[in-house]
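Notes follow once the structure below has been shown.
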Amino acid sequence: MRERIRAHGPIPVADYMAACLGDPTHGYYTTRDPFGAKGDFTTAPEISQIFGELIGLWTVAVWQQMGMPVPVRLVELGPGRGTMMSDILRATKVVPAFSEVATVHLVETSPLLQERQRETLAAASVPISWHADLDDVPNGATIVLANEFVDAQPVHQAVKRADGWHARLVGLDAGENLAFTLAPAADPAIAQSIPENLRDAPEGVLYEWRDEAPTKMLADRAARTGAALVIDYGHAEPGLGETLQALRAHAFVDPLETPGEADLTAHVDFSALARIAADVGARVDGPITQGDFLRRLGIDRRADRLKAANPEKAETIAAACARLTSPQKTGMGGLFRVIGFAAPSLGPLPALEPPR
Ligand code: SAH
């Protein structure tokens, strides 16, 4: 990173984040399996099998709503260890008409995690293929799922100064350490892309945004061929302030301190996702909180049945469900949100509110 900055000058925050996570040799996801108690962070499917099972039932309900097209492509973006897909495929076996016609497409850039997914899904009875990009998934009726995928997509940052918005960059300080800096000139293009109600922000504030192309592609695909479900942590209204964060061994660290060795993510701006999806003609449902979504899908009833079948695990199951749904600080139920995109002809997606 130092050599790159010495040779070409400071790099935009988004390029820094992309390199830290995805560099083919040193990138965070390229070099490790980061999940679970021994890793850096824990995601919903790793907390409880119920999460993937409920998403599986949601998927079948959407497929029925779509008129049960054959074949149907079940696509997952950034499947991690493959745990959610494994739980989905087990749950959807209750509707053989679906599991007999579904083909699974995993979009994953990390060869190491692809291998992990292959192991997790070795016993699956549906055809599974891997792709580098959503664009590589063959056409046809499609349901796309993405859990904690968007938060890992690079964010741009800009800071408001008296003369306009300046891109935030990563450069080197006097001691050759990585350090944030600002582009010397204000960029009028940035000012244009900032939501109108935030443009008059006071000097010194920071704004974050992501490239629109991946969301356009996702929403366009949903609008043409089916539906998409995005689950992640983030905010429902456009906002100001820095959310870029680095996690290592379940603790926050300086995002510039150990490039490629810490997980880098930033809040997902669900209002931006909704706007981009609506612009390409998709039906948009939500966002609602993950807690509401899982409760509407029947998490409490599913947990009760699981507890009855495994009384010795009752406490663990209850704790996992609380973690998935609770709006308290320790839970994901409040900060995590769910948004759906769909073909306009499809009615409201299951468990998601119709648009206001
Ligand atoms: N969905 C999983 C993993 C989330 S971590 C879970 O909930 O446990 C993010 C995942 O997205 C990892 O598998 C990572 O390798 C993958 N990923 C990140 N950026 C990607 C990109 N641009 N294209 C494809 N996969 C990506």
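Every chain in the structure tokens takes a letter, A first, then B, and so on in the order presented; its residues are numbered from 1, and the ligands are numbered from 1 following the presented order.
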
Name the residues of segment 140-299 of chain A that fall into helix (DSSP H, G or I) according to DSSP on the backbone, using the chain letters and numbers of this document, as JSON, numbers by chain.
-> {"A": [150, 151, 152, 188, 189, 190, 191, 192, 193, 196, 197, 198, 213, 214, 215, 216, 217, 218, 219, 220, 221, 222, 223, 224, 225, 270, 271, 272, 273, 274, 275, 276, 277, 278, 279, 290, 291, 292, 293, 294, 295, 296, 299]}

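Neighbours of segment 306-308 of chain A closer than or equal to 10 Å, with only C-alpha atoms counted and sequence neighbours fewer than 5 positions away skipped, come out as A:Ile50, A:Asp300, A:Arg301, A:Lys313, A:Ala314, A:Glu315, A:Thr316, A:Ile317, A:Ala318.
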
Just the selected residues (C-alpha atoms), exported as a short mmCIF file (atom, residue, chain, number, x, y, z; two decimals), in the first residue's frame, please.
data_model
loop_
_atom_site.label_atom_id
_atom_site.label_comp_id
_atom_site.auth_asym_id
_atom_site.auth_seq_id
_atom_site.Cartn_x
_atom_site.Cartn_y
_atom_site.Cartn_z
CA ILE A 50 -33.15 -20.63 12.14
CA ASP A 300 -40.64 -17.49 17.79
CA ARG A 301 -42.67 -20.49 16.69
CA LYS A 313 -30.17 -26.57 24.01
CA ALA A 314 -33.20 -24.43 24.94
CA GLU A 315 -31.15 -21.67 26.53
CA THR A 316 -28.68 -21.46 23.64
CA ILE A 317 -31.53 -21.30 21.12
CA ALA A 318 -33.31 -18.56 23.09
#

Would you work out the distance separating atom CA of His156 of chain A from atom CA of Ala14 of chain A, expressed in Å to one decimal?
-> 4.8 Å

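When only C-alpha atoms are used to compute distances to Ala277 of chain A, the closest of the residues A:Pro238, A:Gly331, A:Gly291, A:Pro344 turns out to be A:Pro344.
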
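Ranking A:Gly164, A:Gly234, A:Gly22, A:Gly39 by their shortest atom-to-atom distance to His250 of chain A, with only C-alpha atoms included, puts A:Gly39 first.
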
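Within the 7 Å cut-off around Leu324 of chain A, using only C-alpha atoms and omitting residues fewer than 3 positions from it on the same chain, the listed residues are A:Ala44, A:Gly291, A:Ala320, A:Cys321, A:Gly331, A:Met332, A:Gly333.
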
Pick out the residues sitting within 12 Å of Asp254 of chain A, and hand them over as a PyMOL selection string; count only C-alpha atoms, and ignore anything fewer than 2 positions along from it in its own chain.
-> chain A and resi 178-180+244-248+251-252+256-259+261-264

DSSP strand (DSSP E or B) selection over segment 7-221 of chain A, as an MDAnalysis selection string = chainID A and resid 11:12 35 41 72:77 102:107 128:131 142:147 156:161 164:172 178:182 206:209

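Of the residues under consideration (A:Val126, A:Ala158, A:Leu172, A:Ala309), A:Ala158 shows the shortest atom-to-atom contact distance to Gly241 of chain A when counting only C-alpha atoms.
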
Using only C-alpha atoms and all ligand atoms, the best pick from A:Asn147, A:Thr103, A:Thr181, A:Thr120 as closest to ligand 1 would be A:Asn147

Thr25 of chain A surroundings by only C-alpha atoms, 12 Å radius, close-in-sequence under 5 positions cut, as an MDAnalysis selection string = chainID A and resid 19:20 30:32 110:112 260

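For the choices A:Ala185, A:Ala141, A:Ile47, A:Ala152, the atom-to-atom distance to ligand 1 is smallest for A:Ala152 when using only C-alpha atoms and all ligand atoms.
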
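Residue nearest ligand 1, chosen from A:Glu312, A:Asp135, A:Glu115, A:Glu148 and counting only C-alpha atoms and all ligand atoms: A:Glu148.
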
Contacts of Pro202 of chain A within 9 Å, only C-alpha atoms, excl. fewer than 3 positions in-chain, as an NGL selection string | :A and (160-162 or 199 or 205)

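The gap separating atom 25 (N, counted along the ligand's line) of ligand 1 from atom CA of Thr109 of chain A is 4.5 Å, in Å to one decimal.
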